[in-house]
file target_21.pdb (PDB, C-alpha atoms)
ATOM      1  CA  MET B   1      38.813  79.403 107.002
ATOM      2  CA  GLU B   2      38.259  75.672 107.318
ATOM      3  CA  LEU B   3      37.518  73.010 104.727
ATOM      4  CA  ARG B   4      34.356  72.166 106.663
ATOM      5  CA  GLN B   5      33.134  75.711 106.116
ATOM      6  CA  LEU B   6      33.769  75.428 102.376
ATOM      7  CA  GLN B   7      31.867  72.147 102.263
ATOM      8  CA  ILE B   8      28.941  73.706 104.140
ATOM      9  CA  PHE B   9      28.961  76.769 101.870
ATOM     10  CA  CYS B  10      28.960  74.630  98.689
ATOM     11  CA  ALA B  11      26.114  72.474 100.014
ATOM     12  CA  ALA B  12      24.094  75.581 100.877
ATOM     13  CA  ALA B  13      24.815  77.078  97.466
ATOM     14  CA  GLN B  14      23.610  73.874  95.805
ATOM     15  CA  THR B  15      20.422  73.459  97.819
ATOM     16  CA  LEU B  16      19.742  77.180  98.462
ATOM     17  CA  ASN B  17      18.349  76.062 101.801
ATOM     18  CA  PHE B  18      20.232  75.889 105.090
ATOM     19  CA  THR B  19      17.979  73.155 106.464
ATOM     20  CA  LYS B  20      18.477  70.940 103.374
ATOM     21  CA  ALA B  21      22.208  71.611 103.459
ATOM     22  CA  GLY B  22      22.259  70.468 107.084
ATOM     23  CA  LEU B  23      20.410  67.256 106.225
ATOM     24  CA  LYS B  24      22.812  66.586 103.367
ATOM     25  CA  LEU B  25      25.904  66.971 105.558
ATOM     26  CA  GLY B  26      24.487  65.672 108.834
ATOM     27  CA  TYR B  27      24.597  69.018 110.645
ATOM     28  CA  ALA B  28      21.887  70.905 112.485
ATOM     29  CA  GLN B  29      20.437  73.906 110.651
ATOM     30  CA  SER B  30      21.801  76.205 113.380
ATOM     31  CA  ASN B  31      25.307  74.845 112.795
ATOM     32  CA  ILE B  32      25.019  75.551 109.068
ATOM     33  CA  THR B  33      23.864  79.108 109.718
ATOM     34  CA  GLY B  34      26.620  79.703 112.283
ATOM     35  CA  GLN B  35      29.389  78.436 109.968
ATOM     36  CA  ILE B  36      28.149  80.569 107.079
ATOM     37  CA  HIS B  37      28.125  83.654 109.310
ATOM     38  CA  GLN B  38      31.696  82.922 110.465
ATOM     39  CA  LEU B  39      32.791  82.569 106.850
ATOM     40  CA  GLU B  40      31.123  85.841 105.892
ATOM     41  CA  ASP B  41      32.766  87.609 108.824
ATOM     42  CA  GLU B  42      36.190  86.328 107.819
ATOM     43  CA  LEU B  43      35.721  87.254 104.158
ATOM     44  CA  GLN B  44      34.042  90.582 104.991
ATOM     45  CA  VAL B  45      31.344  89.934 102.374
ATOM     46  CA  LYS B  46      27.752  88.762 102.259
ATOM     47  CA  LEU B  47      27.535  85.337 100.595
ATOM     48  CA  PHE B  48      23.773  84.785 100.771
ATOM     49  CA  GLU B  49      20.754  87.023 100.855
ATOM     50  CA  ARG B  50      17.310  85.961 102.007
ATOM     51  CA  MET B  51      14.572  85.881  99.388
ATOM     52  CA  GLY B  52      11.282  85.198 101.189
ATOM     53  CA  ARG B  53      11.671  81.761 102.783
ATOM     54  CA  GLY B  54      14.661  80.856 100.628
ATOM     55  CA  ILE B  55      18.183  82.130 100.074
ATOM     56  CA  GLN B  56      20.117  83.217  97.010
ATOM     57  CA  LEU B  57      23.793  83.666  96.330
ATOM     58  CA  THR B  58      25.012  87.234  96.148
ATOM     59  CA  ASN B  59      27.407  88.225  93.390
ATOM     60  CA  ASP B  60      30.249  87.843  95.895
ATOM     61  CA  GLY B  61      28.827  84.459  96.840
ATOM     62  CA  LYS B  62      28.807  83.335  93.194
ATOM     63  CA  SER B  63      32.417  84.447  92.800
ATOM     64  CA  PHE B  64      33.483  82.702  95.998
ATOM     65  CA  LEU B  65      31.634  79.505  94.996
ATOM     66  CA  ALA B  66      33.852  79.038  91.934
ATOM     67  CA  ASN B  67      36.987  79.262  94.095
ATOM     68  CA  ALA B  68      35.535  77.078  96.848
ATOM     69  CA  LYS B  69      34.825  74.294  94.346
ATOM     70  CA  ILE B  70      38.393  74.461  93.032
ATOM     71  CA  ILE B  71      39.826  74.282  96.565
ATOM     72  CA  LEU B  72      37.699  71.254  97.476
ATOM     73  CA  GLU B  73      38.567  69.489  94.206
ATOM     74  CA  LEU B  74      42.278  70.072  94.820
ATOM     75  CA  CYS B  75      41.950  68.674  98.332
ATOM     76  CA  GLU B  76      40.254  65.537  97.008
ATOM     77  CA  ARG B  77      42.935  65.129  94.368
ATOM     78  CA  ALA B  78      45.685  65.540  96.978
ATOM     79  CA  LYS B  79      44.070  62.906  99.211
ATOM     80  CA  GLY B  80      43.725  60.608  96.216
ATOM     81  CA  GLU B  81      47.492  60.610  95.758
ATOM     82  CA  PHE B  82      47.807  58.608  98.971
ATOM     83  CA  LEU B  83      44.725  56.436  98.968
ATOM     84  CA  PRO B  84      45.568  52.707  98.716
ATOM     85  CA  GLN B  85      43.076  52.179  95.892
ATOM     86  CA  VAL B  86      44.851  54.766  93.715
ATOM     87  CA  VAL B  87      47.823  52.763  92.459
ATOM     88  CA  ARG B  88      50.566  54.818  90.875
ATOM     89  CA  GLY B  89      54.344  55.142  90.892
ATOM     90  CA  ILE B  90      57.122  53.145  89.225
ATOM     91  CA  LEU B  91      57.351  49.351  89.094
ATOM     92  CA  ASN B  92      60.739  47.852  88.204
ATOM     93  CA  ILE B  93      60.464  44.246  87.033
ATOM     94  CA  GLY B  94      63.212  41.818  86.174
ATOM     95  CA  ALA B  95      62.266  38.837  84.040
ATOM     96  CA  ALA B  96      64.012  35.832  82.555
ATOM     97  CA  GLU B  97      63.903  36.056  78.765
ATOM     98  CA  THR B  98      61.457  33.182  78.301
ATOM     99  CA  VAL B  99      59.089  34.577  80.934
ATOM    100  CA  CYS B 100      59.448  38.084  79.518
ATOM    101  CA  VAL B 101      58.501  36.937  76.009
ATOM    102  CA  TYR B 102      55.896  34.259  76.650
ATOM    103  CA  ARG B 103      54.202  35.025  79.982
ATOM    104  CA  LEU B 104      54.802  38.578  81.152
ATOM    105  CA  PRO B 105      53.044  40.423  78.260
ATOM    106  CA  GLN B 106      49.671  38.863  79.119
ATOM    107  CA  ILE B 107      50.045  39.842  82.763
ATOM    108  CA  LEU B 108      51.111  43.383  81.897
ATOM    109  CA  THR B 109      48.202  43.809  79.494
ATOM    110  CA  GLU B 110      45.748  43.201  82.330
ATOM    111  CA  TYR B 111      47.836  45.193  84.807
ATOM    112  CA  ARG B 112      47.833  48.251  82.515
ATOM    113  CA  LYS B 113      44.045  48.078  82.223
ATOM    114  CA  LEU B 114      43.636  48.065  85.989
ATOM    115  CA  TYR B 115      46.467  50.429  86.955
ATOM    116  CA  PRO B 116      47.171  52.846  84.077
ATOM    117  CA  LEU B 117      48.981  55.346  86.310
ATOM    118  CA  VAL B 118      51.862  52.981  87.103
ATOM    119  CA  GLU B 119      55.050  53.456  85.104
ATOM    120  CA  ILE B 120      56.438  50.006  84.244
ATOM    121  CA  ARG B 121      60.089  49.226  83.582
ATOM    122  CA  VAL B 122      61.175  45.726  82.572
ATOM    123  CA  GLN B 123      64.664  44.365  82.128
ATOM    124  CA  THR B 124      65.831  40.909  81.139
ATOM    125  CA  GLU B 125      68.825  39.376  82.821
ATOM    126  CA  SER B 126      70.221  36.018  83.798
ATOM    127  CA  CYS B 127      68.372  34.555  86.778
ATOM    128  CA  GLU B 128      71.389  34.486  89.069
ATOM    129  CA  HIS B 129      71.801  38.266  88.756
ATOM    130  CA  PHE B 130      68.253  39.051  89.837
ATOM    131  CA  PHE B 131      69.047  38.312  93.480
ATOM    132  CA  GLU B 132      71.729  41.000  93.572
ATOM    133  CA  LEU B 133      69.555  43.465  91.665
ATOM    134  CA  ILE B 134      66.750  42.985  94.189
ATOM    135  CA  LYS B 135      69.125  43.396  97.137
ATOM    136  CA  ALA B 136      70.436  46.611  95.575
ATOM    137  CA  SER B 137      66.846  47.827  94.961
ATOM    138  CA  SER B 138      67.602  48.117  91.260
ATOM    139  CA  ILE B 139      64.455  46.087  90.639
ATOM    140  CA  ASP B 140      61.419  45.520  92.839
ATOM    141  CA  ILE B 141      60.286  42.107  91.625
ATOM    142  CA  ALA B 142      61.757  39.358  89.481
ATOM    143  CA  LEU B 143      60.129  36.585  87.485
ATOM    144  CA  VAL B 144      62.577  33.722  87.228
ATOM    145  CA  LEU B 145      62.573  30.349  85.541
ATOM    146  CA  THR B 146      64.437  27.879  87.700
ATOM    147  CA  ASP B 147      64.145  25.051  90.202
ATOM    148  CA  THR B 148      63.336  25.498  93.899
ATOM    149  CA  ILE B 149      64.750  28.731  95.298
ATOM    150  CA  LYS B 150      66.449  28.396  98.675
ATOM    151  CA  SER B 151      67.236  31.984  99.583
ATOM    152  CA  PRO B 152      66.056  33.003 103.078
ATOM    153  CA  GLU B 153      66.175  36.671 102.049
ATOM    154  CA  MET B 154      63.643  36.220  99.267
ATOM    155  CA  ALA B 155      59.879  35.855  99.392
ATOM    156  CA  VAL B 156      58.967  33.347  96.701
ATOM    157  CA  GLN B 157      55.686  32.598  94.957
ATOM    158  CA  ILE B 158      55.451  29.738  92.486
ATOM    159  CA  LEU B 159      53.339  30.861  89.553
ATOM    160  CA  HIS B 160      53.563  27.924  87.184
ATOM    161  CA  ASP B 161      55.179  24.501  86.814
ATOM    162  CA  GLU B 162      56.981  24.621  83.476
ATOM    163  CA  LYS B 163      57.305  21.562  81.290
ATOM    164  CA  MET B 164      60.728  21.110  79.717
ATOM    165  CA  THR B 165      60.938  19.393  76.363
ATOM    166  CA  VAL B 166      63.668  18.001  74.104
ATOM    167  CA  VAL B 167      63.388  19.343  70.561
ATOM    168  CA  ALA B 168      65.202  18.937  67.272
ATOM    169  CA  SER B 169      64.703  19.616  63.589
ATOM    170  CA  PRO B 170      62.542  17.013  61.783
ATOM    171  CA  LEU B 171      65.666  16.248  59.719
ATOM    172  CA  HIS B 172      67.924  15.734  62.741
ATOM    173  CA  ALA B 173      69.194  12.207  63.454
ATOM    174  CA  LEU B 174      67.545  12.173  66.899
ATOM    175  CA  ALA B 175      64.167  12.747  65.260
ATOM    176  CA  GLN B 176      64.286   9.152  64.000
ATOM    177  CA  LYS B 177      64.532   7.627  67.477
ATOM    178  CA  GLU B 178      61.434   6.378  69.313
ATOM    179  CA  LYS B 179      62.815   7.319  72.720
ATOM    180  CA  ILE B 180      65.491   9.806  73.729
ATOM    181  CA  ARG B 181      67.655   9.028  76.734
ATOM    182  CA  PRO B 182      70.558  10.997  78.263
ATOM    183  CA  HIS B 183      73.215   8.863  76.533
ATOM    184  CA  ASP B 184      71.770   9.815  73.125
ATOM    185  CA  PHE B 185      73.453  13.203  73.491
ATOM    186  CA  ALA B 186      76.896  11.546  73.644
ATOM    187  CA  ASP B 187      77.485  11.920  69.920
ATOM    188  CA  GLU B 188      75.310  14.963  69.287
ATOM    189  CA  CYS B 189      75.586  18.720  69.588
ATOM    190  CA  LEU B 190      73.519  20.061  72.467
ATOM    191  CA  ILE B 191      72.479  23.696  72.107
ATOM    192  CA  ILE B 192      72.285  25.283  75.527
ATOM    193  CA  THR B 193      71.957  28.626  77.303
ATOM    194  CA  LEU B 194      74.895  30.545  78.752
ATOM    195  CA  PRO B 195      75.860  30.339  82.443
ATOM    196  CA  GLY B 196      73.389  32.253  84.616
ATOM    197  CA  CYS B 197      70.295  30.695  83.098
ATOM    198  CA  GLY B 198      68.047  29.252  85.806
ATOM    199  CA  TYR B 199      67.652  25.779  84.300
ATOM    200  CA  ARG B 200      71.084  25.321  82.682
ATOM    201  CA  PRO B 201      72.576  23.749  85.888
ATOM    202  CA  LEU B 202      69.827  21.116  85.924
ATOM    203  CA  ILE B 203      70.584  20.062  82.351
ATOM    204  CA  LEU B 204      74.321  19.849  83.013
ATOM    205  CA  SER B 205      73.710  18.006  86.290
ATOM    206  CA  MET B 206      71.517  15.474  84.471
ATOM    207  CA  LEU B 207      74.291  14.813  81.965
ATOM    208  CA  LYS B 208      76.910  14.484  84.685
ATOM    209  CA  GLU B 209      74.803  12.091  86.758
ATOM    210  CA  ASN B 210      74.438   9.867  83.686
ATOM    211  CA  ASN B 211      78.129  10.126  82.777
ATOM    212  CA  VAL B 212      77.249  11.719  79.451
ATOM    213  CA  LYS B 213      79.475  14.192  77.644
ATOM    214  CA  PRO B 214      77.754  15.664  74.577
ATOM    215  CA  GLY B 215      79.583  15.471  71.280
ATOM    216  CA  ALA B 216      79.635  19.265  71.376
ATOM    217  CA  LEU B 217      78.053  22.121  73.277
ATOM    218  CA  MET B 218      76.810  25.225  71.513
ATOM    219  CA  GLU B 219      76.167  28.006  74.023
ATOM    220  CA  LEU B 220      73.889  30.895  73.087
ATOM    221  CA  SER B 221      72.593  33.799  75.157
ATOM    222  CA  SER B 222      69.184  34.079  73.487
ATOM    223  CA  ILE B 223      66.289  31.613  73.534
ATOM    224  CA  GLY B 224      65.351  32.903  70.101
ATOM    225  CA  ALA B 225      68.827  32.107  68.780
ATOM    226  CA  ILE B 226      68.697  28.623  70.311
ATOM    227  CA  ARG B 227      65.345  27.988  68.628
ATOM    228  CA  GLN B 228      66.584  29.117  65.230
ATOM    229  CA  CYS B 229      69.822  27.118  65.409
ATOM    230  CA  THR B 230      67.830  24.035  66.448
ATOM    231  CA  ILE B 231      65.395  24.570  63.585
ATOM    232  CA  CYS B 232      68.379  24.733  61.227
ATOM    233  CA  GLY B 233      69.518  21.313  62.450
ATOM    234  CA  LEU B 234      72.668  22.449  64.212
ATOM    235  CA  GLY B 235      71.820  20.396  67.281
ATOM    236  CA  ALA B 236      69.148  19.373  69.783
ATOM    237  CA  ALA B 237      67.954  21.516  72.664
ATOM    238  CA  ILE B 238      66.177  21.151  76.013
ATOM    239  CA  LEU B 239      63.880  24.122  76.437
ATOM    240  CA  PRO B 240      60.709  25.206  78.244
ATOM    241  CA  LYS B 241      57.750  23.894  76.258
ATOM    242  CA  ILE B 242      56.161  27.333  76.160
ATOM    243  CA  ALA B 243      59.148  28.703  74.214
ATOM    244  CA  VAL B 244      58.873  26.169  71.373
ATOM    245  CA  LYS B 245      55.138  25.433  71.358
ATOM    246  CA  ASP B 246      54.496  27.425  68.173
ATOM    247  CA  ASP B 247      57.512  25.908  66.388
ATOM    248  CA  ILE B 248      56.268  22.397  67.213
ATOM    249  CA  GLU B 249      52.756  23.190  66.004
ATOM    250  CA  ARG B 250      54.130  24.565  62.728
ATOM    251  CA  GLY B 251      56.356  21.534  62.185
ATOM    252  CA  LYS B 252      59.595  23.496  62.413
ATOM    253  CA  LEU B 253      60.654  21.446  65.435
ATOM    254  CA  ILE B 254      59.776  17.984  66.668
ATOM    255  CA  GLU B 255      59.168  17.267  70.324
ATOM    256  CA  LEU B 256      61.209  14.163  71.058
ATOM    257  CA  ASP B 257      59.928  11.461  73.402
ATOM    258  CA  TRP B 258      62.165  12.046  76.430
ATOM    259  CA  ASP B 259      62.820   8.955  78.528
ATOM    260  CA  GLY B 260      65.074  10.602  81.070
ATOM    261  CA  PRO B 261      64.722  12.305  84.445
ATOM    262  CA  ALA B 262      62.150  15.064  84.804
ATOM    263  CA  PHE B 263      63.213  18.684  85.125
ATOM    264  CA  ASP B 264      61.631  20.492  88.066
ATOM    265  CA  ILE B 265      61.393  23.983  86.554
ATOM    266  CA  LYS B 266      58.970  26.665  87.689
ATOM    267  CA  THR B 267      58.132  30.257  86.861
ATOM    268  CA  GLN B 268      58.566  31.991  90.202
ATOM    269  CA  LEU B 269      58.027  35.516  91.453
ATOM    270  CA  ILE B 270      60.555  36.799  93.976
ATOM    271  CA  TYR B 271      61.089  39.954  96.006
ATOM    272  CA  HIS B 272      63.037  40.854  99.137
ATOM    273  CA  ARG B 273      61.317  39.852 102.372
ATOM    274  CA  GLU B 274      62.256  43.091 104.108
ATOM    275  CA  LYS B 275      61.168  45.400 101.305
ATOM    276  CA  TRP B 276      58.051  47.474 101.861
ATOM    277  CA  LEU B 277      55.506  46.514  99.230
ATOM    278  CA  THR B 278      54.279  49.596  97.437
ATOM    279  CA  PRO B 279      50.678  49.548  96.184
ATOM    280  CA  ALA B 280      52.049  49.024  92.654
ATOM    281  CA  MET B 281      54.100  46.013  93.775
ATOM    282  CA  ARG B 282      51.283  44.514  95.808
ATOM    283  CA  ALA B 283      48.861  44.879  92.902
ATOM    284  CA  PHE B 284      51.279  43.164  90.505
ATOM    285  CA  ILE B 285      51.946  40.288  92.899
ATOM    286  CA  GLU B 286      48.240  39.696  93.440
ATOM    287  CA  LEU B 287      47.469  39.842  89.721
ATOM    288  CA  ALA B 288      50.335  37.552  88.719
ATOM    289  CA  SER B 289      49.341  35.029  91.381
ATOM    290  CA  GLN B 290      45.773  34.748  90.140
ATOM    291  CA  ASP B 291      46.339  35.211  86.388
ATOM    292  CA  PRO B 292      44.489  32.394  84.566
ATOM    293  CA  ILE B 293      47.227  32.294  81.953
ATOM    294  CA  LEU B 294      49.548  30.999  84.645
ATOM    295  CA  ALA B 295      47.104  28.501  86.061
TER
END

call {"tool": "encode", "arguments": {"input": "target_21.pdb", "output": "structure tokens"}}
result
Amino acid sequence: MELRQLQIFCAAAQTLNFTKAGLKLGYAQSNITGQIHQLEDELQVKLFERMGRGIQLTNDGKSFLANAKIILELCERAKGEFLPQVVRGILNIGAAETVCVYRLPQILTEYRKLYPLVEIRVQTESCEHFFELIKASSIDIALVLTDTIKSPEMAVQILHDEKMTVVASPLHALAQKEKIRPHDFADECLIITLPGCGYRPLILSMLKENNVKPGALMELSSIGAIRQCTICGLGAAILPKIAVKDDIERGKLIELDWDGPAFDIKTQLIYHREKWLTPAMRAFIELASQDPILA
């Protein structure tokens, strides 16, 4: 018994006409008749009986039709498991905290609409650890917030140029200055991320190049904690604008007029160059690259 025979039988059962079944499938009427006879011989039953110029299903034919439909549906479902347009599987994403909170949810919302069969797993981690996690295949893709990535093993796509901003509480001493320059941190507490953060080295390098040693450093692992401590007036901070945009609009923080060197920070998508891109990975990369939120 062949799938082609089942397809021919179902078409004949639908049209109740061998000639019409042949036209529907692109076979000659003689081919349809021959395949039906072969099927009947194999099953040892009569599937159709002639009624004048037409045909009708026998009781055995009606019974076999129900099973034939199930078999063909299962075959289509099995093929669908491997069709490129059917995106399924597991997608492991690593994301810097700021990206995870302020950019990734919008991308995932659209991704879930388009590819509901994909199981998504997201973990936050310091940017420097993502490279090892990708090499170990612990994650498939990472969204990092850092300067230019110079790793020959990684494929890199720049998704967005991030603006960095200097912020402080409206009651902080720096809030009274017209311009903020690197040396203004000499007597102030600078609230900063822990080692491993993608843009921390750029901030420390800027201070070193200007021979500035802050009055104190307060190191925190969470962007949320840095925001709250800055709001409370414990110090000033240099953060991605997207992370403090709402606080600035609500007057909880003031964006200071920075008159220092620019910070070249970007949201970037990375994955291993030698890794085979699953349909789920490829779909995410394409969506993230064209997402208007990141434009």

call {"tool": "resolve_selection", "arguments": {"input": "target_21.pdb", "expression": "the PyMOL selection byres ((chain B and resi 231) around 7)", "output": "ChimeraX atom specification"}}
result
/B:168-169,227-230,232-233,252-253

call {"tool": "closest_residue", "arguments": {"input": "target_21.pdb", "among": "B:Gly94, B:Leu190, B:Leu277, B:Leu108", "to": "Glu125 of chain B", "atoms": "all atoms listed in the file"}}
result
B:Gly94

call {"tool": "atom_distance", "arguments": {"input": "target_21.pdb", "atom1": "atom CA of Leu23 of chain B", "atom2": "atom CA of Leu6 of chain B"}}
result
16.1 Å

call {"tool": "residues_around", "arguments": {"input": "target_21.pdb", "residues": "segment 29-35 of chain B", "least_positions_apart": "3", "cutoff": "9 Å", "atoms": "all atoms listed in the file", "output": "PDB file with C-alpha atoms, in the coordinates of the input"}}
result
ATOM      1  CA  ARG B   4      34.356  72.166 106.663  1.00  0.00           C
ATOM      2  CA  GLN B   5      33.134  75.711 106.116  1.00  0.00           C
ATOM      3  CA  ILE B   8      28.941  73.706 104.140  1.00  0.00           C
ATOM      4  CA  PHE B   9      28.961  76.769 101.870  1.00  0.00           C
ATOM      5  CA  ALA B  12      24.094  75.581 100.877  1.00  0.00           C
ATOM      6  CA  PHE B  18      20.232  75.889 105.090  1.00  0.00           C
ATOM      7  CA  THR B  19      17.979  73.155 106.464  1.00  0.00           C
ATOM      8  CA  LYS B  20      18.477  70.940 103.374  1.00  0.00           C
ATOM      9  CA  ALA B  21      22.208  71.611 103.459  1.00  0.00           C
ATOM     10  CA  GLY B  22      22.259  70.468 107.084  1.00  0.00           C
ATOM     11  CA  LEU B  23      20.410  67.256 106.225  1.00  0.00           C
ATOM     12  CA  GLN B  38      31.696  82.922 110.465  1.00  0.00           C
ATOM     13  CA  LEU B  39      32.791  82.569 106.850  1.00  0.00           C
ATOM     14  CA  GLU B  40      31.123  85.841 105.892  1.00  0.00           C
TER      15      GLU B  40
END

call {"tool": "atom_distance", "arguments": {"input": "target_21.pdb", "atom1": "atom CA of Thr58 of chain B", "atom2": "atom CA of Ala28 of chain B"}}
result
23.3 Å

call {"tool": "atom_distance", "arguments": {"input": "target_21.pdb", "atom1": "atom CA of Met164 of chain B", "atom2": "atom CA of Lys150 of chain B"}}
result
21.1 Å

call {"tool": "resolve_selection", "arguments": {"input": "target_21.pdb", "expression": "the PyMOL selection byres ((chain B and resi 171-173) around 9)", "output": "list in words"}}
result
Ala168, Ser169, Pro170, Leu174, Ala175, Gln176, Lys177, Glu188, Gly233, Leu234, Gly235 and Ala236 of chain B
